[in-house]
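A.B. asks: Handing you this structure, nothing more for now.
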Amino acid sequence: MAKVAIANVKTGMKLLKPVINDSGMVMLGEGTILTDQMINKLNNMNISFVYVEGSQAKTKSKEALINEINERFQKSGTNEQMVLLHKLMIEHIEETYK
Amino acid sequence: MIDTKNLRSQIEKIDTLPTIPSTLRKLLSVIEDPKVSLSDIGSFISNDPVLTSRVIKVVNSPIYGFPGRISSVNQALILLGLNVVKGMLLGVSVFEAMKKTMEGLWEHSIGCAVTSKIIGTKKGLADIEELSVAGILHDIGKVAMGLKFLDEYKGLIKKAIDKNVLLIDLEKELFFVTHSETGAWIGQRWNFPKSLIEILEYHHKPQLSKNYAIQTAVVHLADILVRAKGFGFAGDYLIPTINPIAWQRVGLSKDELKEVIAEMEDSLAESGEFNLEDD
Ligand SMILES: [Fe+2]
Ligand SMILES: [Fe+2]
């Protein structure tokens with residue numbers, strides 16, 4: 001779960017907690033996949049954060065994440081298993097951030 | 001100066017340090033007693049509101065991930081059983097000490113608990129909750145060394161970062177033993193279950209584990225995965241190398257490892273927000 005500022009919310013993010021307005025009414029339910037329209041609506045509401053699926057890392061770019069992982073593996077010892085782990089972690093990011 | 005000759009007795013005596021919270025000291029006296037019962041532990045927890053709220057938080061966290069919400073200490077005790085509860089209480093009580101020794105060690109430890117659980121579940125292992133406990137406590141030797149020799153230990157961490165080396169290698173240079181041994185010492189002193197002591201002792205040399213080889217291999221691998229992900233901080237910015245024998249013992253296929261990586265992503269994100277700070 002990641003807490004994301006409204007300014008950084010993007011289409012396709014999935015809400016893990018409902019968005020509730022000032023009068024306590026549920027505006028967007030848990031599990032909602034955000035659309036451009038909904039994001040516009042959020043911008044007009046008096047809230048600053050939403051909780052969405054994925055890690056904090058989702059707010060980083062794909063390239064930044066891959067660089068971090070490469071750097072970490074480069075510094076460390078290696079063998080057949082580490083090469084596999086490195087490869088699968090990069091694959092995972094490539095697939096998650098398509 | 002560090003007196004490494006008497007290191008073991010100094011480490012074993014850390015429960016008498018003035019910096020140890022009184023709750024932990026009381027708790028140790030309760031769980032050190034091999035005849036202690038679930039109801040003794042239950043009343044010990046219930047007498048302490050801070051401990052009660054922490055236990056409730058932990059059992060409802062992704063570390064255990066029970067469906068539904070657990071709201072009473074007794075319910076938690078029945079679900080978890082004596083050994084798991086003892087381990088969890090220790091984890092909960094060393095929280096402050098972990099924060100003091102190393103910012104990020106708590107996150108590293110719960111990350112390792114969650115990941116051990118994911119791997120254990122994937123491989124259909126028994127006693128998954130005990131694996132979680134081992135994950136929380138696997139680096140408790142670092143806490144012990146940090147509590148007893150705070151300045152020296154902080155110096156080691158700084159050096160590990162500056163020189164890009166593994167903290168464990170620096171521990172060995174300065175103390176002639178590592179947090180694996182010191183962890184096992186306090187595990188023996190505090191009457192941890194045998195499986196837990198073996199995991200503490202061999203999580204960086206998993207090929208030497210004889211009686212709990214798979215469990216030790218799982219925690220070894222979980223530790224590496226959490227560090228590869230960059231979640232939490234364990235004293236340096238390197239990833240220890242996977243031991244091929246441990247790798248074989250766990251026996252994850254390529255596809256399974258990939259699933260583990262994906263499942264970690266969600267669970268770690270949730271645990272990232274999981275903190276025991278009292279509100
Ligand atoms: Fe360790
Ligand atoms: Fe570790």
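Residues in the structure tokens are numbered from 1 in each chain, the chains being A, B, ... in the order shown, and ligands are numbered from 1 in the order shown.
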Please return, as number ranges by chain, all residues of segment 27-80 of chain A that DSSP assigns to strand (DSSP E) on the basis of the backbone.
C.D. replies: A: 27-28, 49-52
A.B. asks: Collect all residues with atoms no farther than 12 Å from ligand 1, counting only C-alpha atoms and all ligand atoms, and output them as a tab-separated table (two decimals) with all heavy atoms, in the first residue's frame.
C.D. replies:
```
chain	number	residue	atom	x	y	z
B	105	LEU	N	16.37	-1.50	10.97
B	105	LEU	CA	16.49	-2.93	11.30
B	105	LEU	C	15.12	-3.55	11.58
B	105	LEU	O	14.88	-4.71	11.24
B	105	LEU	CB	17.43	-3.14	12.49
B	105	LEU	CG	17.74	-4.59	12.85
B	105	LEU	CD1	18.39	-5.32	11.70
B	105	LEU	CD2	18.62	-4.69	14.10
B	108	HIS	N	13.67	-4.20	8.25
B	108	HIS	CA	14.38	-5.36	7.68
B	108	HIS	C	13.83	-6.65	8.32
B	108	HIS	O	13.59	-7.64	7.62
B	108	HIS	CB	15.88	-5.24	7.94
B	108	HIS	CG	16.66	-6.48	7.61
B	108	HIS	ND1	16.88	-6.90	6.32
B	108	HIS	CD2	17.25	-7.41	8.41
B	108	HIS	CE1	17.57	-8.04	6.34
B	108	HIS	NE2	17.80	-8.38	7.59
B	109	SER	N	13.63	-6.61	9.62
B	109	SER	CA	13.22	-7.82	10.34
B	109	SER	C	11.78	-8.23	10.00
B	109	SER	O	11.52	-9.41	9.76
B	109	SER	CB	13.35	-7.61	11.85
B	109	SER	OG	14.68	-7.24	12.16
B	112	CYS	N	11.74	-9.62	6.59
B	112	CYS	CA	12.25	-10.98	6.56
B	112	CYS	C	11.18	-11.96	7.08
B	112	CYS	O	11.05	-13.07	6.57
B	112	CYS	CB	13.52	-11.04	7.39
B	112	CYS	SG	14.43	-12.54	7.15
B	134	ALA	N	11.06	-16.44	13.51
B	134	ALA	CA	12.49	-16.52	13.21
B	134	ALA	C	12.90	-15.32	12.34
B	134	ALA	O	13.97	-14.75	12.52
B	134	ALA	CB	12.81	-17.83	12.50
B	135	GLY	N	12.02	-14.95	11.42
B	135	GLY	CA	12.31	-13.79	10.57
B	135	GLY	C	12.44	-12.51	11.40
B	135	GLY	O	13.38	-11.73	11.21
B	136	ILE	N	11.53	-12.30	12.35
B	136	ILE	CA	11.60	-11.08	13.17
B	136	ILE	C	12.88	-11.07	14.00
B	136	ILE	O	13.51	-10.05	14.16
B	136	ILE	CB	10.40	-10.97	14.14
B	136	ILE	CG1	9.09	-10.95	13.38
B	136	ILE	CG2	10.51	-9.69	14.99
B	136	ILE	CD1	7.88	-10.76	14.27
B	137	LEU	N	13.25	-12.24	14.52
B	137	LEU	CA	14.36	-12.27	15.49
B	137	LEU	C	15.71	-12.64	14.88
B	137	LEU	O	16.70	-12.67	15.60
B	137	LEU	CB	14.02	-13.25	16.62
B	137	LEU	CG	12.82	-12.86	17.50
B	137	LEU	CD1	12.52	-13.96	18.50
B	137	LEU	CD2	13.05	-11.54	18.21
B	138	HIS	N	15.77	-12.91	13.57
B	138	HIS	CA	17.01	-13.51	13.02
B	138	HIS	C	18.25	-12.66	13.28
B	138	HIS	O	19.33	-13.18	13.44
B	138	HIS	CB	16.85	-13.83	11.53
B	138	HIS	CG	16.97	-12.65	10.62
B	138	HIS	ND1	15.97	-11.72	10.47
B	138	HIS	CD2	17.98	-12.21	9.84
B	138	HIS	CE1	16.36	-10.78	9.62
B	138	HIS	NE2	17.58	-11.05	9.22
B	139	ASP	N	18.09	-11.33	13.30
B	139	ASP	CA	19.26	-10.46	13.51
B	139	ASP	C	19.33	-9.93	14.94
B	139	ASP	O	19.93	-8.88	15.20
B	139	ASP	CB	19.23	-9.29	12.53
B	139	ASP	CG	19.83	-9.66	11.17
B	139	ASP	OD1	20.56	-10.67	11.10
B	139	ASP	OD2	19.58	-8.93	10.19
B	140	ILE	N	18.74	-10.65	15.89
B	140	ILE	CA	18.71	-10.15	17.26
B	140	ILE	C	20.13	-10.04	17.84
B	140	ILE	O	20.38	-9.24	18.74
B	140	ILE	CB	17.80	-11.03	18.16
B	140	ILE	CG1	17.47	-10.28	19.44
B	140	ILE	CG2	18.43	-12.38	18.44
B	140	ILE	CD1	16.35	-10.89	20.23
B	141	GLY	N	21.05	-10.80	17.27
B	141	GLY	CA	22.45	-10.68	17.68
B	141	GLY	C	22.99	-9.27	17.42
B	141	GLY	O	23.84	-8.78	18.17
B	142	LYS	N	22.49	-8.62	16.37
B	142	LYS	CA	22.91	-7.23	16.11
B	142	LYS	C	22.42	-6.32	17.22
B	142	LYS	O	23.12	-5.40	17.64
B	142	LYS	CB	22.35	-6.75	14.77
B	142	LYS	CG	22.95	-7.44	13.57
B	142	LYS	CD	22.36	-6.90	12.26
B	142	LYS	CE	22.95	-7.68	11.09
B	142	LYS	NZ	22.25	-7.37	9.82
B	143	VAL	N	21.19	-6.57	17.68
B	143	VAL	CA	20.63	-5.76	18.75
B	143	VAL	C	21.46	-5.96	20.03
B	143	VAL	O	21.80	-4.99	20.72
B	143	VAL	CB	19.16	-6.14	19.03
B	143	VAL	CG1	18.58	-5.29	20.13
B	143	VAL	CG2	18.33	-6.01	17.76
B	166	LEU	N	30.26	-5.83	3.75
B	166	LEU	CA	29.19	-6.39	4.58
B	166	LEU	C	29.50	-6.17	6.05
B	166	LEU	O	30.63	-6.40	6.50
B	166	LEU	CB	29.04	-7.88	4.31
B	166	LEU	CG	28.41	-8.30	2.97
B	166	LEU	CD1	28.66	-9.78	2.71
B	166	LEU	CD2	26.92	-8.00	2.95
B	167	LEU	N	28.49	-5.73	6.79
B	167	LEU	CA	28.67	-5.50	8.23
B	167	LEU	C	29.19	-6.76	8.93
B	167	LEU	O	30.03	-6.69	9.82
B	167	LEU	CB	27.33	-5.06	8.84
B	167	LEU	CG	27.30	-4.89	10.36
B	167	LEU	CD1	28.20	-3.74	10.80
B	167	LEU	CD2	25.89	-4.66	10.86
B	168	ILE	N	28.69	-7.92	8.53
B	168	ILE	CA	29.05	-9.16	9.20
B	168	ILE	C	30.57	-9.40	9.13
B	168	ILE	O	31.17	-9.91	10.08
B	168	ILE	CB	28.26	-10.36	8.62
B	168	ILE	CG1	28.46	-11.62	9.46
B	168	ILE	CG2	28.59	-10.64	7.17
B	168	ILE	CD1	27.48	-12.74	9.14
B	169	ASP	N	31.21	-9.00	8.04
B	169	ASP	CA	32.66	-9.17	7.93
B	169	ASP	C	33.40	-8.26	8.91
B	169	ASP	O	34.43	-8.63	9.47
B	169	ASP	CB	33.13	-8.89	6.50
B	169	ASP	CG	32.58	-9.92	5.51
B	169	ASP	OD1	32.29	-11.06	5.95
B	169	ASP	OD2	32.42	-9.58	4.32
B	171	GLU	N	32.07	-7.19	11.77
B	171	GLU	CA	31.80	-7.74	13.10
B	171	GLU	C	32.89	-8.76	13.45
B	171	GLU	O	33.46	-8.76	14.54
B	171	GLU	CB	30.45	-8.48	13.13
B	171	GLU	CG	29.23	-7.58	13.07
B	171	GLU	CD	27.91	-8.37	12.96
B	171	GLU	OE1	27.94	-9.59	12.71
B	171	GLU	OE2	26.85	-7.75	13.10
B	178	THR	N	30.25	-13.11	15.06
B	178	THR	CA	29.29	-12.27	14.35
B	178	THR	C	27.96	-12.29	15.08
B	178	THR	O	27.79	-13.00	16.07
B	178	THR	CB	29.05	-12.79	12.92
B	178	THR	OG1	28.27	-13.99	13.00
B	178	THR	CG2	30.37	-13.09	12.22
B	179	HIS	N	26.99	-11.52	14.54
B	179	HIS	CA	25.67	-11.48	15.18
B	179	HIS	C	24.97	-12.84	15.12
B	179	HIS	O	24.01	-13.06	15.84
B	179	HIS	CB	24.81	-10.39	14.53
B	179	HIS	CG	24.43	-10.67	13.11
B	179	HIS	ND1	25.23	-10.35	12.04
B	179	HIS	CD2	23.33	-11.26	12.58
B	179	HIS	CE1	24.63	-10.72	10.93
B	179	HIS	NE2	23.48	-11.28	11.21
B	180	SER	N	25.47	-13.75	14.28
B	180	SER	CA	24.88	-15.10	14.26
B	180	SER	C	25.17	-15.81	15.58
B	180	SER	O	24.27	-16.39	16.19
B	180	SER	CB	25.45	-15.93	13.12
B	180	SER	OG	25.49	-15.19	11.94
B	181	GLU	N	26.44	-15.75	15.99
B	181	GLU	CA	26.80	-16.41	17.25
B	181	GLU	C	26.18	-15.68	18.45
B	181	GLU	O	25.60	-16.32	19.33
B	181	GLU	CB	28.32	-16.45	17.45
B	181	GLU	CG	29.05	-17.47	16.58
B	181	GLU	CD	29.44	-16.90	15.22
B	181	GLU	OE1	29.55	-15.66	15.09
B	181	GLU	OE2	29.61	-17.70	14.28
B	182	THR	N	26.29	-14.36	18.47
B	182	THR	CA	25.75	-13.64	19.63
B	182	THR	C	24.23	-13.85	19.72
B	182	THR	O	23.69	-13.97	20.82
B	182	THR	CB	26.08	-12.13	19.59
B	182	THR	OG1	25.57	-11.58	18.37
B	182	THR	CG2	27.58	-11.89	19.66
B	183	GLY	N	23.58	-13.92	18.56
B	183	GLY	CA	22.14	-14.19	18.55
B	183	GLY	C	21.83	-15.56	19.15
B	183	GLY	O	20.90	-15.71	19.95
B	184	ALA	N	22.63	-16.55	18.77
B	184	ALA	CA	22.41	-17.90	19.30
B	184	ALA	C	22.69	-17.94	20.80
B	184	ALA	O	21.98	-18.63	21.55
B	184	ALA	CB	23.30	-18.90	18.56
B	199	ILE	N	18.38	-21.48	13.63
B	199	ILE	CA	18.22	-20.50	12.54
B	199	ILE	C	19.07	-19.25	12.81
B	199	ILE	O	19.75	-18.75	11.93
B	199	ILE	CB	16.73	-20.12	12.35
B	199	ILE	CG1	15.93	-21.35	11.89
B	199	ILE	CG2	16.58	-18.99	11.34
B	199	ILE	CD1	14.43	-21.16	11.85
B	200	LEU	N	19.05	-18.76	14.06
B	200	LEU	CA	19.85	-17.59	14.41
B	200	LEU	C	21.33	-17.87	14.13
B	200	LEU	O	22.04	-17.07	13.54
B	200	LEU	CB	19.70	-17.24	15.89
B	200	LEU	CG	18.33	-16.79	16.38
B	200	LEU	CD1	18.40	-16.45	17.87
B	200	LEU	CD2	17.85	-15.58	15.61
B	201	GLU	N	21.78	-19.05	14.53
B	201	GLU	CA	23.19	-19.36	14.45
B	201	GLU	C	23.67	-19.53	13.00
B	201	GLU	O	24.79	-19.16	12.67
B	201	GLU	CB	23.49	-20.64	15.24
B	201	GLU	CG	24.97	-20.94	15.33
B	201	GLU	CD	25.32	-21.88	16.46
B	201	GLU	OE1	24.40	-22.45	17.09
B	201	GLU	OE2	26.53	-22.05	16.70
B	202	TYR	N	22.82	-20.08	12.14
B	202	TYR	CA	23.30	-20.44	10.81
B	202	TYR	C	22.65	-19.66	9.67
B	202	TYR	O	22.78	-20.08	8.53
B	202	TYR	CB	23.13	-21.95	10.60
B	202	TYR	CG	23.94	-22.78	11.56
B	202	TYR	CD1	23.35	-23.76	12.35
B	202	TYR	CD2	25.31	-22.58	11.67
B	202	TYR	CE1	24.10	-24.52	13.24
B	202	TYR	CE2	26.08	-23.33	12.55
B	202	TYR	CZ	25.47	-24.29	13.33
B	202	TYR	OH	26.22	-25.04	14.20
B	203	HIS	N	21.97	-18.56	9.94
B	203	HIS	CA	21.29	-17.92	8.81
B	203	HIS	C	22.25	-17.33	7.78
B	203	HIS	O	21.85	-17.06	6.66
B	203	HIS	CB	20.21	-16.91	9.27
B	203	HIS	CG	20.72	-15.63	9.86
B	203	HIS	ND1	21.13	-15.53	11.17
B	203	HIS	CD2	20.89	-14.40	9.34
B	203	HIS	CE1	21.51	-14.28	11.42
B	203	HIS	NE2	21.38	-13.58	10.32
B	204	HIS	N	23.53	-17.17	8.15
B	204	HIS	CA	24.52	-16.77	7.14
B	204	HIS	C	25.43	-17.92	6.72
B	204	HIS	O	26.30	-17.74	5.87
B	204	HIS	CB	25.36	-15.59	7.65
B	204	HIS	CG	24.56	-14.34	7.79
B	204	HIS	ND1	24.05	-13.65	6.71
B	204	HIS	CD2	24.13	-13.66	8.89
B	204	HIS	CE1	23.36	-12.60	7.14
B	204	HIS	NE2	23.38	-12.59	8.46
B	205	LYS	N	25.27	-19.08	7.36
B	205	LYS	CA	26.02	-20.29	6.95
B	205	LYS	C	25.04	-21.46	6.92
B	205	LYS	O	25.19	-22.44	7.66
B	205	LYS	CB	27.12	-20.61	7.97
B	205	LYS	CG	28.28	-19.66	7.95
B	205	LYS	CD	29.30	-20.10	9.00
B	205	LYS	CE	30.41	-19.10	9.14
B	205	LYS	NZ	31.18	-19.34	10.38
B	206	PRO	N	24.01	-21.32	6.09
B	206	PRO	CA	22.89	-22.27	6.15
B	206	PRO	C	23.32	-23.71	5.83
B	206	PRO	O	22.63	-24.65	6.22
B	206	PRO	CB	21.92	-21.75	5.10
B	206	PRO	CG	22.75	-20.91	4.19
B	206	PRO	CD	23.83	-20.32	5.03
B	216	THR	N	16.20	-22.91	8.16
B	216	THR	CA	17.35	-22.01	8.14
B	216	THR	C	17.59	-21.49	6.72
B	216	THR	O	17.85	-20.30	6.52
B	216	THR	CB	18.61	-22.75	8.64
B	216	THR	OG1	18.31	-23.32	9.92
B	216	THR	CG2	19.79	-21.81	8.77
B	219	VAL	N	15.02	-18.71	5.87
B	219	VAL	CA	15.32	-17.40	6.46
B	219	VAL	C	16.56	-16.78	5.78
B	219	VAL	O	16.60	-15.58	5.52
B	219	VAL	CB	15.50	-17.51	7.99
B	219	VAL	CG1	15.96	-16.19	8.59
B	219	VAL	CG2	14.18	-17.95	8.64
B	220	HIS	N	17.53	-17.62	5.47
B	220	HIS	CA	18.72	-17.16	4.73
B	220	HIS	C	18.30	-16.48	3.43
B	220	HIS	O	18.73	-15.37	3.11
B	220	HIS	CB	19.62	-18.37	4.45
B	220	HIS	CG	20.70	-18.13	3.44
B	220	HIS	ND1	21.88	-17.47	3.77
B	220	HIS	CD2	20.80	-18.46	2.13
B	220	HIS	CE1	22.65	-17.41	2.68
B	220	HIS	NE2	22.02	-18.00	1.68
B	221	LEU	N	17.43	-17.16	2.70
B	221	LEU	CA	16.98	-16.64	1.41
B	221	LEU	C	16.11	-15.38	1.59
B	221	LEU	O	16.26	-14.40	0.85
B	221	LEU	CB	16.20	-17.75	0.70
B	221	LEU	CG	15.86	-17.53	-0.76
B	221	LEU	CD1	17.11	-17.28	-1.59
B	221	LEU	CD2	15.11	-18.76	-1.31
B	222	ALA	N	15.24	-15.41	2.59
B	222	ALA	CA	14.35	-14.26	2.82
B	222	ALA	C	15.18	-13.01	3.13
B	222	ALA	O	14.91	-11.92	2.62
B	222	ALA	CB	13.38	-14.56	3.96
B	223	ASP	N	16.20	-13.18	3.96
B	223	ASP	CA	17.09	-12.07	4.32
B	223	ASP	C	17.67	-11.44	3.05
B	223	ASP	O	17.68	-10.22	2.87
B	223	ASP	CB	18.21	-12.62	5.22
B	223	ASP	CG	19.24	-11.58	5.62
B	223	ASP	OD1	18.84	-10.56	6.23
B	223	ASP	OD2	20.44	-11.77	5.34
B	224	ILE	N	18.12	-12.29	2.13
B	224	ILE	CA	18.74	-11.81	0.90
B	224	ILE	C	17.71	-11.12	0.00
B	224	ILE	O	17.98	-10.06	-0.56
B	224	ILE	CB	19.43	-12.99	0.18
B	224	ILE	CG1	20.66	-13.39	1.01
B	224	ILE	CG2	19.81	-12.62	-1.26
B	224	ILE	CD1	21.30	-14.68	0.58
B	226	VAL	N	14.94	-9.60	0.85
B	226	VAL	CA	14.53	-8.31	1.42
B	226	VAL	C	15.60	-7.26	1.15
B	226	VAL	O	15.30	-6.11	0.81
B	226	VAL	CB	14.28	-8.45	2.94
B	226	VAL	CG1	14.09	-7.11	3.59
B	226	VAL	CG2	13.06	-9.32	3.18
B	227	ARG	N	16.85	-7.67	1.27
B	227	ARG	CA	17.94	-6.72	1.01
B	227	ARG	C	18.06	-6.40	-0.48
B	227	ARG	O	18.35	-5.27	-0.85
B	227	ARG	CB	19.23	-7.26	1.58
B	227	ARG	CG	19.13	-7.32	3.10
B	227	ARG	CD	20.22	-8.10	3.72
B	227	ARG	NE	21.51	-7.48	3.50
B	227	ARG	CZ	22.51	-7.55	4.39
B	227	ARG	NH1	22.35	-8.20	5.50
B	227	ARG	NH2	23.65	-6.97	4.12
B	233	PHE	N	16.86	-1.65	6.50
B	233	PHE	CA	18.31	-1.49	6.52
B	233	PHE	C	18.89	-2.48	7.51
B	233	PHE	O	18.41	-2.60	8.64
B	233	PHE	CB	18.68	-0.06	6.92
B	233	PHE	CG	20.15	0.19	6.97
B	233	PHE	CD1	20.92	0.19	5.81
B	233	PHE	CD2	20.79	0.44	8.18
B	233	PHE	CE1	22.28	0.41	5.86
B	233	PHE	CE2	22.16	0.68	8.24
B	233	PHE	CZ	22.91	0.66	7.07
B	234	ALA	N	19.92	-3.24	7.07
B	234	ALA	CA	20.48	-4.27	7.94
B	234	ALA	C	21.92	-3.98	8.31
B	234	ALA	O	22.62	-4.84	8.84
B	234	ALA	CB	20.37	-5.64	7.25
B	235	GLY	N	22.39	-2.76	8.03
B	235	GLY	CA	23.75	-2.40	8.47
B	235	GLY	C	24.72	-2.11	7.34
B	235	GLY	O	25.83	-1.63	7.58
B	236	ASP	N	24.32	-2.42	6.10
B	236	ASP	CA	25.16	-2.10	4.94
B	236	ASP	C	24.25	-2.09	3.72
B	236	ASP	O	23.09	-2.45	3.80
B	236	ASP	CB	26.29	-3.13	4.78
B	236	ASP	CG	25.74	-4.54	4.69
B	236	ASP	OD1	24.98	-4.81	3.74
B	236	ASP	OD2	26.05	-5.37	5.56
B	239	ILE	N	24.19	-6.94	-0.88
B	239	ILE	CA	23.33	-8.12	-0.78
B	239	ILE	C	24.24	-9.32	-0.53
B	239	ILE	O	25.14	-9.57	-1.32
B	239	ILE	CB	22.55	-8.35	-2.10
B	239	ILE	CG1	21.96	-7.04	-2.63
B	239	ILE	CG2	21.47	-9.40	-1.89
B	239	ILE	CD1	21.44	-7.16	-4.06
B	240	PRO	N	24.03	-10.03	0.58
B	240	PRO	CA	24.83	-11.25	0.78
B	240	PRO	C	24.54	-12.24	-0.35
B	240	PRO	O	23.45	-12.22	-0.93
B	240	PRO	CB	24.35	-11.80	2.12
B	240	PRO	CG	23.55	-10.71	2.75
B	240	PRO	CD	23.05	-9.85	1.63
```
A.B. asks: Would you mind listing, as a VMD selection string, all residues of chain B that have at least one atom within 12 Å of chain A, where only C-alpha atoms are what counts?
C.D. replies: chain B and resid 62 161 163 to 166 221 224 to 231 236 to 248 251 to 274
A.B. asks: With DSSP run on the backbone, what are the alpha helix (DSSP H) residues within chain A? I'd like them as a PyMOL selection string.
C.D. replies: chain A and resi 36-43+62-75+80-96
A.B. asks: What is the distance, in Å and to one decimal place, between atom CA of Lys148 of chain B and atom CA of Asn6 of chain B?
C.D. replies: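 Taking atom CA of Lys148 of chain B and atom CA of Asn6 of chain B, their separation equals 12.4 Å.
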A.B. asks: Closest to ligand 2 among B:Ile128, B:Met102, B:Ile186, B:Leu17, using only C-alpha atoms and all ligand atoms?
C.D. replies: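 Nearest to ligand 2: B:Met102.
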A.B. asks: Atom CA of Lys5 of chain B to atom CA of Gly155 of chain B: how many Å, to one decimal?
C.D. replies: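 Calculated distance between atom CA of Lys5 of chain B and atom CA of Gly155 of chain B is 20.6 Å.
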A.B. asks: Find the spatial neighbours of Glu94 of chain A, counting only C-alpha atoms, within a cut-off of 9 Å - ignore same-chain residues fewer than 4 positions away - and output them as a PDB file with N, CA, C and O atoms, in the first residue's frame.
C.D. replies:
```pdb
ATOM      1  N   LYS A  62      10.281   3.719 -13.440  1.00  0.00           N
ATOM      2  CA  LYS A  62      10.771   2.377 -13.726  1.00  0.00           C
ATOM      3  C   LYS A  62      12.294   2.384 -13.867  1.00  0.00           C
ATOM      4  O   LYS A  62      12.989   1.527 -13.327  1.00  0.00           O
ATOM      5  N   ILE A  66      15.079   0.295 -11.642  1.00  0.00           N
ATOM      6  CA  ILE A  66      15.997  -0.665 -12.265  1.00  0.00           C
ATOM      7  C   ILE A  66      17.445  -0.275 -11.958  1.00  0.00           C
ATOM      8  O   ILE A  66      18.273  -1.127 -11.617  1.00  0.00           O
ATOM      9  N   MET A  89      14.182 -10.072 -10.797  1.00  0.00           N
ATOM     10  CA  MET A  89      13.718  -8.816 -10.190  1.00  0.00           C
ATOM     11  C   MET A  89      13.539  -7.738 -11.253  1.00  0.00           C
ATOM     12  O   MET A  89      12.594  -6.945 -11.195  1.00  0.00           O
ATOM     13  N   ILE A  90      14.453  -7.709 -12.213  1.00  0.00           N
ATOM     14  CA  ILE A  90      14.317  -6.736 -13.300  1.00  0.00           C
ATOM     15  C   ILE A  90      13.079  -7.079 -14.144  1.00  0.00           C
ATOM     16  O   ILE A  90      12.266  -6.210 -14.466  1.00  0.00           O
ATOM     17  N   LYS A  98       4.594  -1.989 -17.194  1.00  0.00           N
ATOM     18  CA  LYS A  98       4.344  -1.941 -18.647  1.00  0.00           C
ATOM     19  C   LYS A  98       3.518  -0.743 -19.048  1.00  0.00           C
ATOM     20  O   LYS A  98       2.612  -0.355 -18.345  1.00  0.00           O
TER      21      LYS A  98
END
```
A.B. asks: What separation in Å, quoted to one decimal, exists between atom CA of Val85 of chain B and atom CA of Gly42 of chain B?
C.D. replies: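 According to the coordinates, atom CA of Val85 of chain B and atom CA of Gly42 of chain B are separated by 9.6 Å.
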A.B. asks: List the neighbours of Asn40 of chain A out to 12 Å using only C-alpha atoms; skip same-chain residues closer than 4 positions along the sequence, and give me the result as an NGL selection string.
C.D. replies: :A and (6-7 or 9-11 or 34-36 or 44-45)
